[in-house]
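**Q** First, the structure itself, so that you have it in front of you.
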4 protein chains.
Amino acid sequence: MATDRENAVFEAAIKLGALYHQFVGTPISRSTAEKVEAAIESAVSLQPYVTHIEVRLDRTLMNENPFGYSELTGAMYDAVIETKFGDAVCRAQLKYENGYPMMKILD
Amino acid sequence: MATDRENAVFEAAIKLGALYHQFVGTPISRSTAEKVEAAIESAVSLQPYVTHIEVRLDRTLMNENPFGYSELTGAMYDAVIETKFGDAVCRAQLKYENGYPMMKILD
Amino acid sequence: MATDRENAVFEAAIKLGALYHQFVGTPISRSTAEKVEAAIESAVSLQPYVTHIEVRLDRTLMNENPFGYSELTGAMYDAVIETKFGDAVCRAQLKYENGYPMMKILD
Amino acid sequence: MATDRENAVFEAAIKLGALYHQFVGTPISRSTAEKVEAAIESAVSLQPYVTHIEVRLDRTLMNENPFGYSELTGAMYDAVIETKFGDAVCRAQLKYENGYPMMKILD
């Protein structure tokens with residue numbers, strides 16, 4: 001039987017895996033990034049056990065292709081999520097590090 | 001060599017296929033639907049040859065699962081797109097009809 | 001600092017969230033389900049800390065739309081994953097229960 | 001009222017937009033690429049009016065991240081689709097050109 005802490009960790013990770021693979025590939029630009037961030041945050045905030053979600057997409061990586069826009073990639077993500085399960089909480093992050101969209105438990 | 005009209009049709013259809021498969025599965029509810037619509041519209045509006053995009057998601061289908069939210073499905077979509085290629089234009093739609101998310105050329 | 005067990009749990013959940021949102025919406029039928037299962041398993045098996053992945057999609061839910069096929073939904077999934085982090089392992093599952101694609105820690 | 005040729009063009013483009021946005025982000029490597037190609041082809045072949053689909057993913061771009069795998073990107077795609085609507089046919093392609101995953105009507 002999993003502990004509350006394990007379940008809080010589990011629930012945080014589900015959401016990071018989900019938001020990554022749901023939205024990678026979305027056409028994006030510096031002028032639309034805020035709307036995409038808002039949509040991702042609104043989607044994650046609906047999911048079970050989420051107490052906080054903050055998604056920031058790196059505008060400096062939104063270089064224009066020949067048609068003047070970019071596409072959401074894993075390298076752009078900086079997301080922090082907090083979950084609560086029973087009395088336990090978990091804070092976790094998705095952030096690009098050393099060429100990889102690293103997800104890790106913060107505390 | 002494709003005509004301008006064929007290219008306008010081609011470009012409209014690309015975007016309908018894209019928006020469908022990019023966003024189906026997104027957690028959604030009546031209270032967040034507007035943000036998801038805005039994000040989809042902002043994404044499509046960046047793509048080449050798009051002159052107008054309007055996405056409406058059917059709130060009546062956003063029934064709550066045991067955790068109180070829903071998930072974006074093809075049945076919820078009503079999207080109309082307009083593209084322009086050279087002098088030709090195309091207006092096309094994605095709308096659920098007879099159990100299928102039908103995409104068609106309007107004019 | 002997270003324990004090995006917490007990290008094993010974390011890694012298992014990332015993959016379940018990811019595979020769900022990557023593949024929901026894929027056109028599918030009873031005759032192609034095996035290829036989609038193989039692709040999902042091959043994708044997940046590449047991800048860090050995965051020691052086993054088994055994905056089974058429920059053919060009985062693959063009802064034909066007017067064009068003779070179906071679309072991968074959360075209700076079809078039965079996936080079991082095993083991860084290993086340091087000396088700790090985690091086995092977790094995605095399976096439809098009571099109208100929800102439930103993800104949980106098995107052990 | 002759209003012509004058969006316009007509808008054949010329309011149907012081809014839907015599938016290219018769809019397959020792009022459904023599968024971008026999938027974990028992939030040289031050893032699993034064949035399974036992903038097979039799954040994409042099987043998915044597209046189910047969709048209406050498709051008479052042929054061939055998807056080839058560029059292995060030379062599947063460079064290993066720190067965990068030893070890659071992720072399906074638009075740059076990897078070379079897909080050719082054929083559709084038939086009434087008496088009209090369309091052949092179209094998705095292929096990376098000049099920094100963009102270009103979709104175009106071949107004939």
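By order in the structure tokens, chains are A, B, ...; within a chain, residues start at 1; ligands start at 1, following the order shown.
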Between chain A and chain D, at 12 Å or less, what are the per-residue closest atom pairs and their distances in Å? Count only C-alpha atoms, order by chain and rising residue number, and return it as CSV.
**A**
residue,atom,partner,partner_atom,distance
A:Gly17,CA,D:Gly25,CA,11.3
A:Ala18,CA,D:Gly25,CA,11.6
A:Leu19,CA,D:Gly25,CA,11.5
A:Tyr20,CA,D:Gly25,CA,8.4
A:His21,CA,D:Gly25,CA,6.2
A:Gln22,CA,D:Gly25,CA,8.8
A:Phe23,CA,D:Gly25,CA,9.0
A:Val24,CA,D:Gly25,CA,6.1
A:Gly25,CA,D:Val24,CA,6.2
A:Thr26,CA,D:His21,CA,7.8
A:Pro27,CA,D:His21,CA,9.9
A:Asn63,CA,D:Gly99,CA,11.2
A:Glu64,CA,D:Gly99,CA,9.9
A:Asn65,CA,D:Tyr100,CA,6.5
A:Pro66,CA,D:Tyr100,CA,6.8
A:Phe67,CA,D:Tyr100,CA,8.3
A:Gly68,CA,D:Tyr100,CA,10.6
A:Tyr69,CA,D:Tyr100,CA,10.4
A:Ser70,CA,D:Tyr100,CA,9.8
A:Glu71,CA,D:Gly74,CA,9.6
A:Leu72,CA,D:Gly25,CA,10.1
A:Thr73,CA,D:Gly25,CA,8.3
A:Gly74,CA,D:Gly25,CA,8.5
A:Ala75,CA,D:Gly25,CA,11.8
A:Tyr96,CA,D:Asn65,CA,11.7
A:Glu97,CA,D:Pro66,CA,10.0
A:Asn98,CA,D:Pro66,CA,7.7
A:Gly99,CA,D:Asn65,CA,6.6
A:Tyr100,CA,D:Asn65,CA,6.5
A:Pro101,CA,D:Asn65,CA,9.7
A:Met102,CA,D:Pro66,CA,10.3
**Q** Could you pull the residues within 10 Å of region 42-49 of chain D, counting only C-alpha atoms, minus those fewer than 5 positions along the same chain, as a ChimeraX atom specification?
**A** /C:26-29,31-36,66-71 /D:7-8,11-12,14-16,18-19,36-37,54-55,81-86,89
**Q** From a DSSP pass on the backbone, collect the residues of chain D flagged as alpha helix (DSSP H) and hand them back as a VMD selection string.
**A** chain D and resid 4 to 23 33 to 46
**Q** If you run DSSP on the backbone here, which positions in chain A get strand (DSSP E)? Please write them as number ranges by chain.
**A** A: 27-28, 50-57, 70-71, 77-85, 88-97, 100-105
**Q** Between CA of Cys90 (chain A) and CA of Glu41 (chain A), what is the spacing in Å?
**A** 17.3 Å
**Q** Could you tell me how far CA of Asp78 (chain A) sits from CA of Ala92 (chain C), in Å to one decimal place?
**A**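 Taking CA of Ala92 (chain C) as the start and CA of Asp78 (chain A) as the end point, the length is 26.2 Å.
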**Q** Go ahead and compute the interatomic distance for CA of Lys104 (chain D) and CA of Ala79 (chain B), in Å to one decimal.
**A** 22.8 Å
